[in-house]
>>> print(open('input_7.tsv').read())   # TSV, C-alpha atoms and all ligand atoms
chain	number	residue	atom	x	y	z
A	1	MET	CA	-18.72	-9.68	-9.60
A	2	LYS	CA	-16.93	-11.18	-6.62
A	3	PHE	CA	-13.94	-9.38	-5.14
A	4	THR	CA	-11.52	-9.71	-2.23
A	5	LYS	CA	-10.26	-6.79	-0.18
A	6	MET	CA	-6.65	-7.16	0.96
A	7	HIS	CA	-3.88	-4.96	2.27
A	8	GLY	CA	-0.14	-4.90	2.73
A	9	CYS	CA	0.84	-2.54	5.58
A	10	GLY	CA	-2.47	-0.71	5.13
A	11	ASN	CA	-1.96	-0.15	1.38
A	12	ASP	CA	-5.39	-1.51	0.44
A	13	TYR	CA	-6.50	-2.81	-2.94
A	14	ILE	CA	-9.49	-4.70	-4.33
A	15	TYR	CA	-8.43	-8.01	-5.90
A	16	ILE	CA	-10.39	-9.41	-8.84
A	17	ASN	CA	-9.95	-12.93	-10.18
A	18	GLY	CA	-9.42	-12.50	-13.92
A	19	PHE	CA	-9.58	-16.30	-14.37
A	20	GLN	CA	-13.30	-16.05	-13.53
A	21	VAL	CA	-14.43	-12.65	-14.81
A	22	LYS	CA	-13.49	-10.42	-17.71
A	23	VAL	CA	-13.13	-6.74	-16.82
A	24	ASP	CA	-13.69	-4.59	-19.93
A	25	ASN	CA	-12.67	-1.23	-18.54
A	26	PRO	CA	-10.40	-1.70	-15.50
A	27	ALA	CA	-9.44	1.99	-15.37
A	28	GLN	CA	-13.05	3.08	-14.96
A	29	LEU	CA	-13.80	0.22	-12.55
A	30	SER	CA	-10.87	1.26	-10.37
A	31	ILE	CA	-12.15	4.83	-10.11
A	32	LYS	CA	-15.63	3.58	-9.15
A	33	MET	CA	-14.68	0.79	-6.74
A	34	SER	CA	-11.90	2.76	-5.04
A	35	ASN	CA	-14.25	5.58	-4.05
A	36	ARG	CA	-14.42	5.50	-0.25
A	37	HIS	CA	-17.99	6.88	-0.16
A	38	PHE	CA	-19.76	5.52	-3.25
A	39	GLY	CA	-17.68	2.38	-3.81
A	40	VAL	CA	-15.80	-0.22	-1.77
A	41	GLY	CA	-13.00	2.16	-0.86
A	42	SER	CA	-9.36	1.39	-1.73
A	43	ASP	CA	-6.09	2.68	-3.13
A	44	GLY	CA	-6.94	0.95	-6.42
A	45	ILE	CA	-7.71	-2.44	-7.97
A	46	VAL	CA	-5.58	-5.42	-8.93
A	47	LEU	CA	-6.46	-7.99	-11.61
A	48	ILE	CA	-5.09	-11.53	-11.19
A	49	LEU	CA	-4.64	-13.06	-14.63
A	50	PRO	CA	-3.16	-16.05	-16.48
A	51	SER	CA	0.36	-15.62	-17.86
A	52	ASP	CA	2.25	-17.24	-20.73
A	53	VAL	CA	5.63	-16.58	-19.14
A	54	ALA	CA	5.09	-16.88	-15.37
A	55	ASP	CA	2.77	-18.68	-12.92
A	56	PHE	CA	0.42	-15.65	-12.81
A	57	ARG	CA	0.13	-12.10	-14.13
A	58	MET	CA	-1.07	-9.02	-12.27
A	59	ARG	CA	-2.31	-5.65	-13.52
A	60	MET	CA	-2.58	-2.82	-11.02
A	61	PHE	CA	-4.68	0.36	-11.36
A	62	ASN	CA	-4.43	3.36	-9.06
A	63	SER	CA	-7.60	4.95	-7.63
A	64	ASP	CA	-7.52	7.58	-10.44
A	65	GLY	CA	-7.64	4.78	-13.04
A	66	SER	CA	-4.00	5.03	-14.16
A	67	GLU	CA	-2.16	1.73	-14.60
A	68	ALA	CA	1.14	1.27	-12.75
A	69	GLU	CA	4.03	-0.90	-13.86
A	70	MET	CA	4.48	-2.51	-10.48
A	71	CYS	CA	3.13	-2.57	-6.91
A	72	GLY	CA	5.19	-4.03	-4.07
A	73	ASN	CA	2.39	-4.35	-1.53
A	74	ALA	CA	-0.05	-5.79	-4.08
A	75	ILE	CA	2.30	-8.47	-5.37
A	76	ARG	CA	2.51	-10.02	-1.89
A	77	CYS	CA	-1.29	-10.04	-1.71
A	78	VAL	CA	-1.55	-11.65	-5.16
A	79	GLY	CA	0.71	-14.42	-3.84
A	80	LYS	CA	-1.54	-14.90	-0.84
A	81	TYR	CA	-4.69	-14.81	-3.00
A	82	VAL	CA	-3.60	-17.50	-5.47
A	83	TYR	CA	-2.34	-19.76	-2.69
A	84	ASP	CA	-5.41	-19.34	-0.44
A	85	ASN	CA	-7.79	-19.84	-3.36
A	86	LYS	CA	-5.95	-23.07	-4.29
A	87	MET	CA	-4.93	-21.72	-7.70
A	88	THR	CA	-1.47	-23.10	-6.85
A	89	ASP	CA	-0.05	-25.29	-4.13
A	90	LYS	CA	3.42	-23.77	-4.45
A	91	THR	CA	4.71	-21.28	-1.86
A	92	SER	CA	7.38	-20.09	-4.31
A	93	ILE	CA	5.80	-18.55	-7.41
A	94	THR	CA	6.54	-16.18	-10.28
A	95	ILE	CA	4.31	-13.24	-11.20
A	96	GLU	CA	4.44	-11.28	-14.46
A	97	THR	CA	4.12	-7.48	-14.12
A	98	LEU	CA	4.70	-4.56	-16.48
A	99	ALA	CA	8.07	-4.25	-14.70
A	100	GLY	CA	9.08	-7.84	-15.48
A	101	ILE	CA	8.69	-11.21	-13.75
A	102	LYS	CA	9.06	-11.19	-9.95
A	103	ILE	CA	9.73	-14.19	-7.68
A	104	LEU	CA	7.86	-14.60	-4.37
A	105	ASP	CA	8.58	-16.86	-1.42
A	106	MET	CA	5.66	-17.14	0.97
A	107	THR	CA	5.27	-18.23	4.58
A	108	VAL	CA	1.63	-18.88	5.41
A	109	VAL	CA	0.77	-17.79	8.97
A	110	ASP	CA	-3.00	-18.40	8.97
A	111	GLU	CA	-5.99	-17.85	6.68
A	112	LYS	CA	-5.76	-14.09	7.12
A	113	VAL	CA	-2.02	-13.39	7.14
A	114	THR	CA	0.85	-14.50	4.92
A	115	TYR	CA	4.43	-13.21	4.88
A	116	ALA	CA	6.18	-12.92	1.56
A	117	LYS	CA	9.71	-12.15	0.47
A	118	VAL	CA	9.83	-10.76	-3.05
A	119	ASP	CA	12.81	-10.53	-5.36
A	120	MET	CA	12.04	-7.07	-6.74
A	121	GLY	CA	14.90	-7.16	-9.27
A	122	GLU	CA	17.48	-4.45	-9.86
A	123	PRO	CA	16.82	-0.76	-9.17
A	124	ILE	CA	16.96	1.50	-12.23
A	125	LEU	CA	19.19	4.54	-11.69
A	126	LYS	CA	19.70	5.92	-15.22
A	127	ALA	CA	17.85	9.25	-15.46
A	128	GLU	CA	16.20	8.62	-18.84
A	129	ASP	CA	15.00	5.16	-17.76
A	130	ILE	CA	13.36	6.35	-14.51
A	131	PRO	CA	12.35	8.71	-16.28
A	132	VAL	CA	13.48	12.06	-14.91
A	133	ILE	CA	14.84	15.02	-16.82
A	134	SER	CA	18.20	15.71	-15.18
A	135	ASP	CA	21.87	16.32	-16.03
A	136	LYS	CA	22.81	13.81	-13.36
A	137	SER	CA	22.75	10.01	-13.57
A	138	PRO	CA	22.37	8.55	-10.98
A	139	VAL	CA	20.07	11.37	-9.95
A	140	ILE	CA	21.15	12.24	-6.41
A	141	GLY	CA	20.26	15.57	-4.86
A	142	GLU	CA	18.16	16.89	-7.78
A	143	GLU	CA	16.88	20.28	-6.66
A	144	ILE	CA	13.18	20.95	-7.13
A	145	ASP	CA	11.51	24.16	-5.98
A	146	VAL	CA	8.10	23.67	-4.43
A	147	ASN	CA	6.05	26.36	-2.71
A	148	GLY	CA	9.08	28.63	-2.33
A	149	LYS	CA	11.25	25.89	-0.78
A	150	THR	CA	13.99	23.84	-2.43
A	151	PHE	CA	13.98	20.08	-1.88
A	152	GLU	CA	16.76	17.68	-2.91
A	153	PHE	CA	15.42	14.50	-4.48
A	154	THR	CA	17.14	11.21	-5.25
A	155	CYS	CA	15.35	9.41	-8.08
A	156	VAL	CA	15.03	5.63	-8.42
A	157	SER	CA	12.79	3.39	-10.51
A	158	MET	CA	11.64	0.00	-9.25
A	159	GLY	CA	9.84	-0.45	-12.56
A	160	ASN	CA	7.78	2.58	-11.51
A	161	PRO	CA	9.28	6.01	-10.82
A	162	HIS	CA	10.10	7.35	-7.32
A	163	ALA	CA	11.62	10.59	-5.98
A	164	ILE	CA	12.88	10.57	-2.39
A	165	ALA	CA	13.61	13.58	-0.18
A	166	TYR	CA	14.87	13.57	3.42
A	167	VAL	CA	12.98	15.54	6.06
A	168	ASP	CA	13.51	16.14	9.80
A	169	ASP	CA	10.17	14.75	10.95
A	170	THR	CA	7.81	12.74	8.76
A	171	ASP	CA	5.00	13.00	11.36
A	172	THR	CA	4.64	16.75	10.95
A	173	PHE	CA	5.75	17.07	7.30
A	174	GLU	CA	3.17	18.43	4.82
A	175	VAL	CA	3.12	15.34	2.60
A	176	GLU	CA	-0.02	16.25	0.64
A	177	LYS	CA	0.89	19.89	0.03
A	178	ILE	CA	4.38	19.14	-1.31
A	179	GLY	CA	3.77	15.61	-2.68
A	180	LYS	CA	0.95	16.54	-5.05
A	181	LEU	CA	3.09	19.26	-6.68
A	182	VAL	CA	6.19	17.08	-7.07
A	183	GLU	CA	4.07	14.24	-8.55
A	184	ILE	CA	3.28	16.42	-11.57
A	185	ASP	CA	6.56	18.39	-11.76
A	186	GLU	CA	7.72	18.83	-15.36
A	187	LYS	CA	10.96	16.94	-14.58
A	188	PHE	CA	8.94	13.71	-14.44
A	189	PRO	CA	7.48	12.85	-17.87
A	190	LYS	CA	5.48	9.89	-16.45
A	191	LYS	CA	4.71	11.69	-13.15
A	192	VAL	CA	6.29	10.26	-10.00
A	193	ASN	CA	5.66	8.64	-6.61
A	194	VAL	CA	7.07	10.92	-3.91
A	195	GLU	CA	8.64	9.63	-0.68
A	196	PHE	CA	9.55	11.72	2.36
A	197	ALA	CA	12.03	9.87	4.55
A	198	GLN	CA	13.53	10.38	7.99
A	199	ILE	CA	16.63	8.44	8.96
A	200	ILE	CA	16.31	6.94	12.47
A	201	ASP	CA	19.58	4.97	12.41
A	202	ASN	CA	21.58	3.07	9.81
A	203	GLU	CA	19.12	0.17	9.88
A	204	THR	CA	15.84	2.08	10.29
A	205	ILE	CA	14.04	4.59	8.07
A	206	LYS	CA	10.67	6.25	8.65
A	207	MET	CA	8.82	7.10	5.48
A	208	ARG	CA	5.57	8.63	4.24
A	209	VAL	CA	4.50	8.47	0.64
A	210	TRP	CA	2.46	10.50	-1.83
A	211	GLU	CA	1.59	7.96	-4.52
A	212	ARG	CA	1.20	8.80	-8.19
A	213	GLY	CA	-2.45	8.27	-9.02
A	214	SER	CA	-3.66	7.56	-5.46
A	215	GLY	CA	-2.46	10.36	-3.15
A	216	GLU	CA	-1.13	9.66	0.33
A	217	THR	CA	-1.34	5.96	1.19
A	218	LEU	CA	-0.38	4.13	4.38
A	219	ALA	CA	2.50	2.32	2.68
A	220	CYS	CA	4.24	1.73	-0.63
A	221	GLY	CA	6.33	-1.37	-1.26
A	222	THR	CA	8.19	-0.13	-4.34
A	223	GLY	CA	8.56	3.21	-2.51
A	224	ALA	CA	10.17	1.47	0.47
A	225	CYS	CA	12.62	-0.30	-1.89
A	226	ALA	CA	13.43	2.95	-3.70
A	227	THR	CA	13.94	4.73	-0.36
A	228	LEU	CA	16.42	2.11	0.83
A	229	VAL	CA	18.35	2.44	-2.45
A	230	ALA	CA	18.34	6.25	-2.13
A	231	SER	CA	19.53	5.99	1.48
A	232	VAL	CA	22.46	3.75	0.49
A	233	LEU	CA	23.36	6.08	-2.41
A	234	ASN	CA	23.34	9.02	0.03
A	235	ASN	CA	25.47	7.06	2.58
A	236	LEU	CA	22.68	7.28	5.16
A	237	THR	CA	21.99	3.59	5.91
A	238	ASP	CA	23.31	0.07	5.50
A	239	ARG	CA	22.12	-2.06	2.58
A	240	LYS	CA	19.53	-3.75	4.82
A	241	ALA	CA	17.00	-1.68	6.78
A	242	VAL	CA	13.50	-1.68	8.18
A	243	VAL	CA	11.30	0.92	6.49
A	244	LYS	CA	8.63	2.07	8.94
A	245	LEU	CA	5.46	3.20	7.19
A	246	ILE	CA	2.22	4.52	8.67
A	247	GLY	CA	0.58	1.10	8.14
A	248	GLY	CA	3.44	-1.19	9.16
A	249	ASP	CA	7.04	-2.23	8.58
A	250	LEU	CA	8.82	-3.63	5.52
A	251	LEU	CA	12.27	-5.19	5.61
A	252	ILE	CA	14.28	-4.18	2.55
A	253	GLU	CA	17.68	-5.48	1.47
A	254	TRP	CA	19.83	-4.44	-1.50
A	255	ASP	CA	22.05	-7.43	-2.17
A	256	LYS	CA	25.55	-6.34	-3.25
A	257	GLU	CA	26.40	-9.41	-5.31
A	258	SER	CA	23.22	-9.75	-7.39
A	259	ASN	CA	22.27	-6.03	-7.26
A	260	HIS	CA	18.71	-7.26	-6.54
A	261	ILE	CA	16.35	-5.73	-3.98
A	262	TYR	CA	14.48	-8.04	-1.60
A	263	MET	CA	11.30	-6.87	0.12
A	264	SER	CA	9.68	-8.81	3.00
A	265	GLY	CA	6.34	-8.04	4.58
A	266	GLU	CA	2.82	-9.14	5.35
A	267	ALA	CA	-0.20	-9.68	3.12
A	268	VAL	CA	-3.61	-9.60	4.81
A	269	THR	CA	-7.14	-10.50	3.66
A	270	THR	CA	-9.83	-8.31	5.22
A	271	PHE	CA	-13.07	-9.28	3.51
A	272	GLU	CA	-14.80	-10.67	0.44
A	273	GLY	CA	-17.75	-9.08	-1.31
A	274	GLU	CA	-19.87	-8.77	-4.41
A	275	TRP	CA	-19.86	-5.64	-6.60
A	276	LEU	CA	-23.35	-4.85	-7.83
A	277	LEU	CA	-22.92	-1.69	-9.92
B	1	LIG	N1	1.52	1.15	-3.54
B	1	LIG	C1	2.34	0.55	-4.50
B	1	LIG	C2	2.64	1.29	-5.76
B	1	LIG	C3	1.38	1.53	-6.57
B	1	LIG	C4	1.63	2.19	-7.91
B	1	LIG	C5	2.08	3.59	-7.82
B	1	LIG	N2	1.10	4.48	-7.25
B	1	LIG	C6	2.48	4.08	-9.21
B	1	LIG	O1	1.66	4.71	-9.91
B	1	LIG	O2	3.61	3.81	-9.62
B	1	LIG	C7	3.47	-0.27	-3.94
B	1	LIG	O3	3.26	-0.87	-2.86
B	1	LIG	O4	4.52	-0.41	-4.56
>>> encode(input="input_7.tsv", output="structure tokens", more="lines below")
Ligand SMILES: N[C@@H](CCC[C@H](N)C(=O)O)C(=O)O
Amino acid sequence: MKFTKMHGCGNDYIYINGFQVKVDNPAQLSIKMSNRHFGVGSDGIVLILPSDVADFRMRMFNSDGSEAEMCGNAIRCVGKYVYDNKMTDKTSITIETLAGIKILDMTVVDEKVTYAKVDMGEPILKAEDIPVISDKSPVIGEEIDVNGKTFEFTCVSMGNPHAIAYVDDTDTFEVEKIGKLVEIDEKFPKKVNVEFAQIIDNETIKMRVWERGSGETLACGTGACATLVASVLNNLTDRKAVVKLIGGDLLIEWDKESNHIYMSGEAVTTFEGEWLL
């Protein structure tokens, strides 16, 4: 089975062309292929599929085999994949996800790099729709005790659930130790992606992420969008900011008029291969 390895800001997935191959058990395949010692090594796999309602459809599986509703870094790579592989000649395309249909506008730099701006739709702030068990809605400053310390989380869904806390220094913060406990906290019925953010100024946020189903990754597109929304709700930044992740930068804007979030960033192809197992 042929595959393509791509990343967005270091958030690396294995892309499989579902027009050419049928994957019977994508959850199991994701666990196997994502293994960094016995497989290809990745944060998960992404299937590129035909759609009845959009130009293409994507399904995204974390490295533990769980399926996510949406992936911001992967959707830019899907755009690059279908354009580079001549499955479309359009640079503006629609992609169906479990979180709805998203619109992408691409700027092709060269055969390796493409920039894409994605209309990520409206953030979901109602507690039961995120979902998070809370008396508040929107959920701002939800206290969660972890390892004898209380953290205040703001919760946002971008189709998938996120909880954002502010810390003094993301470089030294114990992302794994705290993130893995918050991910499975009983307040989150579908588990949660956990972001730790540091405000640099009103147009710049540093962020590290503990992803549901994959652990710490170098970047999270939906997480960057959720963090910008949380930062606006907490009066910490403007509605447009650069989110600086370990693997690169994403520009995020929350448009006041439409209430839509726009995410801009790179999509990079690293290699192609053949899976033999
Ligand atoms: N890295 C992604 C999000 C992937 C899914 C996430 N781990 C989840 O389970 O919701 C992104 O770039 O958005």
>>> closest_residue(input="input_7.tsv", among="A:Ile205, A:Ala165, A:Cys77, A:Val40", to="ligand LIG 1 (chain B)", atoms="all atoms listed in the file")
A:Cys77
>>> residues_near_ligand(input="input_7.tsv", ligand="ligand LIG 1 (chain B)", cutoff="9 Å", atoms="all atoms listed in the file", output="PDB file with C-alpha atoms, in the coordinates of the input")
ATOM      1  CA  GLY A   8      -0.140  -4.900   2.730  1.00  0.00           C
ATOM      2  CA  CYS A   9       0.840  -2.540   5.580  1.00  0.00           C
ATOM      3  CA  ASN A  11      -1.960  -0.150   1.380  1.00  0.00           C
ATOM      4  CA  ASP A  12      -5.390  -1.510   0.440  1.00  0.00           C
ATOM      5  CA  TYR A  13      -6.500  -2.810  -2.940  1.00  0.00           C
ATOM      6  CA  ASP A  43      -6.090   2.680  -3.130  1.00  0.00           C
ATOM      7  CA  GLY A  44      -6.940   0.950  -6.420  1.00  0.00           C
ATOM      8  CA  MET A  60      -2.580  -2.820 -11.020  1.00  0.00           C
ATOM      9  CA  PHE A  61      -4.680   0.360 -11.360  1.00  0.00           C
ATOM     10  CA  ASN A  62      -4.430   3.360  -9.060  1.00  0.00           C
ATOM     11  CA  SER A  63      -7.600   4.950  -7.630  1.00  0.00           C
ATOM     12  CA  SER A  66      -4.000   5.030 -14.160  1.00  0.00           C
ATOM     13  CA  GLU A  67      -2.160   1.730 -14.600  1.00  0.00           C
ATOM     14  CA  ALA A  68       1.140   1.270 -12.750  1.00  0.00           C
ATOM     15  CA  GLU A  69       4.030  -0.900 -13.860  1.00  0.00           C
ATOM     16  CA  MET A  70       4.480  -2.510 -10.480  1.00  0.00           C
ATOM     17  CA  CYS A  71       3.130  -2.570  -6.910  1.00  0.00           C
ATOM     18  CA  GLY A  72       5.190  -4.030  -4.070  1.00  0.00           C
ATOM     19  CA  ASN A  73       2.390  -4.350  -1.530  1.00  0.00           C
ATOM     20  CA  ALA A  74      -0.050  -5.790  -4.080  1.00  0.00           C
ATOM     21  CA  ILE A  75       2.300  -8.470  -5.370  1.00  0.00           C
ATOM     22  CA  MET A 158      11.640   0.000  -9.250  1.00  0.00           C
ATOM     23  CA  GLY A 159       9.840  -0.450 -12.560  1.00  0.00           C
ATOM     24  CA  ASN A 160       7.780   2.580 -11.510  1.00  0.00           C
ATOM     25  CA  PRO A 161       9.280   6.010 -10.820  1.00  0.00           C
ATOM     26  CA  HIS A 162      10.100   7.350  -7.320  1.00  0.00           C
ATOM     27  CA  LYS A 191       4.710  11.690 -13.150  1.00  0.00           C
ATOM     28  CA  VAL A 192       6.290  10.260 -10.000  1.00  0.00           C
ATOM     29  CA  ASN A 193       5.660   8.640  -6.610  1.00  0.00           C
ATOM     30  CA  VAL A 209       4.500   8.470   0.640  1.00  0.00           C
ATOM     31  CA  TRP A 210       2.460  10.500  -1.830  1.00  0.00           C
ATOM     32  CA  GLU A 211       1.590   7.960  -4.520  1.00  0.00           C
ATOM     33  CA  ARG A 212       1.200   8.800  -8.190  1.00  0.00           C
ATOM     34  CA  GLY A 213      -2.450   8.270  -9.020  1.00  0.00           C
ATOM     35  CA  SER A 214      -3.660   7.560  -5.460  1.00  0.00           C
ATOM     36  CA  GLY A 215      -2.460  10.360  -3.150  1.00  0.00           C
ATOM     37  CA  THR A 217      -1.340   5.960   1.190  1.00  0.00           C
ATOM     38  CA  LEU A 218      -0.380   4.130   4.380  1.00  0.00           C
ATOM     39  CA  ALA A 219       2.500   2.320   2.680  1.00  0.00           C
ATOM     40  CA  CYS A 220       4.240   1.730  -0.630  1.00  0.00           C
ATOM     41  CA  GLY A 221       6.330  -1.370  -1.260  1.00  0.00           C
ATOM     42  CA  THR A 222       8.190  -0.130  -4.340  1.00  0.00           C
ATOM     43  CA  GLY A 223       8.560   3.210  -2.510  1.00  0.00           C
ATOM     44  CA  ALA A 224      10.170   1.470   0.470  1.00  0.00           C
ATOM     45  CA  CYS A 225      12.620  -0.300  -1.890  1.00  0.00           C
TER      46      CYS A 225
END
>>> closest_residue(input="input_7.tsv", among="A:Val175, A:Met87, A:Ile48, A:Val156", to="Val232 (chain A)", atoms="all atoms listed in the file")
A:Val156
>>> residues_around(input="input_7.tsv", residues="region 234-250 of chain A", least_positions_apart="4", cutoff="7 Å", atoms="all atoms listed in the file", output="CSV table (one decimal) with C-alpha atoms, in the frame of the given file")
chain,number,residue,atom,x,y,z
A,9,CYS,CA,0.8,-2.5,5.6
A,10,GLY,CA,-2.5,-0.7,5.1
A,202,ASN,CA,21.6,3.1,9.8
A,203,GLU,CA,19.1,0.2,9.9
A,204,THR,CA,15.8,2.1,10.3
A,205,ILE,CA,14.0,4.6,8.1
A,206,LYS,CA,10.7,6.2,8.6
A,207,MET,CA,8.8,7.1,5.5
A,208,ARG,CA,5.6,8.6,4.2
A,218,LEU,CA,-0.4,4.1,4.4
A,219,ALA,CA,2.5,2.3,2.7
A,224,ALA,CA,10.2,1.5,0.5
A,230,ALA,CA,18.3,6.2,-2.1
A,254,TRP,CA,19.8,-4.4,-1.5
A,263,MET,CA,11.3,-6.9,0.1
A,264,SER,CA,9.7,-8.8,3.0
A,265,GLY,CA,6.3,-8.0,4.6
>>> closest_residue(input="input_7.tsv", among="A:Phe56, A:Phe3, A:Tyr81, A:Phe19", to="Met33 (chain A)", atoms="only C-alpha atoms")
A:Phe3
>>> closest_residue(input="input_7.tsv", among="A:Gln198, A:Thr154, A:Thr170, A:Ser92", to="Val229 (chain A)", atoms="only C-alpha atoms")
A:Thr154
>>> closest_residue(input="input_7.tsv", among="A:Glu257, A:Asp105, A:Glu195, A:Asp135", to="Ala163 (chain A)", atoms="only C-alpha atoms")
A:Glu195
>>> residues_around(input="input_7.tsv", residues="Glu122 (chain A)", least_positions_apart="2", cutoff="9 Å", atoms="only C-alpha atoms", output="count of residues only")
9
>>> residues_around(input="input_7.tsv", residues="Ala54 (chain A)", least_positions_apart="3", cutoff="6 Å", atoms="all atoms listed in the file", output="JSON, numbers by chain")
{"A": [51, 94, 95, 96]}
>>> residues_around(input="input_7.tsv", residues="Tyr83 (chain A)", least_positions_apart="6", cutoff="10 Å", atoms="all atoms listed in the file", output="short mmCIF file (atom, residue, chain, number, x, y, z; two decimals) with C-alpha atoms, in the coordinates of the input")
data_model
loop_
_atom_site.label_atom_id
_atom_site.label_comp_id
_atom_site.auth_asym_id
_atom_site.auth_seq_id
_atom_site.Cartn_x
_atom_site.Cartn_y
_atom_site.Cartn_z
CA CYS A 77 -1.29 -10.04 -1.71
CA ASP A 89 -0.05 -25.29 -4.13
CA LYS A 90 3.42 -23.77 -4.45
CA THR A 91 4.71 -21.28 -1.86
CA SER A 92 7.38 -20.09 -4.31
CA ILE A 93 5.80 -18.55 -7.41
CA MET A 106 5.66 -17.14 0.97
CA VAL A 108 1.63 -18.88 5.41
CA THR A 114 0.85 -14.50 4.92
#
>>> atom_distance(input="input_7.tsv", atom1="CA of Leu104 (chain A)", atom2="CA of Ile45 (chain A)")
20.1 Å
>>> closest_residue(input="input_7.tsv", among="A:Leu276, A:Leu233, A:Val118, A:Ile101", to="Val139 (chain A)", atoms="all atoms listed in the file")
A:Leu233
>>> axis_aligned_box(input="input_7.tsv", around="region 29-47 of chain A", padding_each_side="5 Å", output="JSON")
{"center_x": -12.7, "center_y": -0.6, "center_z": -6.4, "size_x": 24.2, "size_y": 24.9, "size_z": 22.4}
>>> atom_distance(input="input_7.tsv", atom1="CA of Ser34 (chain A)", atom2="CA of Trp275 (chain A)")
11.7 Å
>>> decode(input="input_7.tsv", residues="region 54-65 of chain A", atoms="N, CA and C atoms", output="PDB file, in the first residue's frame")
ATOM      1  N   ALA A  54     -18.958  17.291  -0.799  1.00  0.00           N
ATOM      2  CA  ALA A  54     -17.849  18.245  -0.928  1.00  0.00           C
ATOM      3  C   ALA A  54     -16.889  17.707  -1.997  1.00  0.00           C
ATOM      4  N   ASP A  55     -15.808  18.439  -2.265  1.00  0.00           N
ATOM      5  CA  ASP A  55     -14.848  17.963  -3.281  1.00  0.00           C
ATOM      6  C   ASP A  55     -14.164  16.676  -2.810  1.00  0.00           C
ATOM      7  N   PHE A  56     -13.850  16.609  -1.518  1.00  0.00           N
ATOM      8  CA  PHE A  56     -13.159  15.440  -0.944  1.00  0.00           C
ATOM      9  C   PHE A  56     -13.650  15.241   0.485  1.00  0.00           C
ATOM     10  N   ARG A  57     -13.323  14.069   1.033  1.00  0.00           N
ATOM     11  CA  ARG A  57     -13.637  13.782   2.443  1.00  0.00           C
ATOM     12  C   ARG A  57     -12.366  13.308   3.123  1.00  0.00           C
ATOM     13  N   MET A  58     -12.160  13.675   4.358  1.00  0.00           N
ATOM     14  CA  MET A  58     -11.019  13.111   5.093  1.00  0.00           C
ATOM     15  C   MET A  58     -11.489  12.448   6.375  1.00  0.00           C
ATOM     16  N   ARG A  59     -10.789  11.351   6.738  1.00  0.00           N
ATOM     17  CA  ARG A  59     -10.988  10.728   8.060  1.00  0.00           C
ATOM     18  C   ARG A  59      -9.631  10.710   8.726  1.00  0.00           C
ATOM     19  N   MET A  60      -9.595  11.069  10.005  1.00  0.00           N
ATOM     20  CA  MET A  60      -8.318  11.221  10.708  1.00  0.00           C
ATOM     21  C   MET A  60      -8.308  10.358  11.964  1.00  0.00           C
ATOM     22  N   PHE A  61      -7.244   9.547  12.104  1.00  0.00           N
ATOM     23  CA  PHE A  61      -7.105   8.642  13.255  1.00  0.00           C
ATOM     24  C   PHE A  61      -5.846   9.006  14.029  1.00  0.00           C
ATOM     25  N   ASN A  62      -5.989   9.162  15.327  1.00  0.00           N
ATOM     26  CA  ASN A  62      -4.844   9.420  16.199  1.00  0.00           C
ATOM     27  C   ASN A  62      -3.951   8.181  16.275  1.00  0.00           C
ATOM     28  N   SER A  63      -2.762   8.330  16.875  1.00  0.00           N
ATOM     29  CA  SER A  63      -1.818   7.202  16.923  1.00  0.00           C
ATOM     30  C   SER A  63      -2.307   6.083  17.846  1.00  0.00           C
ATOM     31  N   ASP A  64      -3.315   6.357  18.706  1.00  0.00           N
ATOM     32  CA  ASP A  64      -3.885   5.267  19.526  1.00  0.00           C
ATOM     33  C   ASP A  64      -5.070   4.602  18.832  1.00  0.00           C
ATOM     34  N   GLY A  65      -5.359   5.005  17.587  1.00  0.00           N
ATOM     35  CA  GLY A  65      -6.443   4.392  16.819  1.00  0.00           C
ATOM     36  C   GLY A  65      -7.783   5.105  16.939  1.00  0.00           C
TER      37      GLY A  65
END
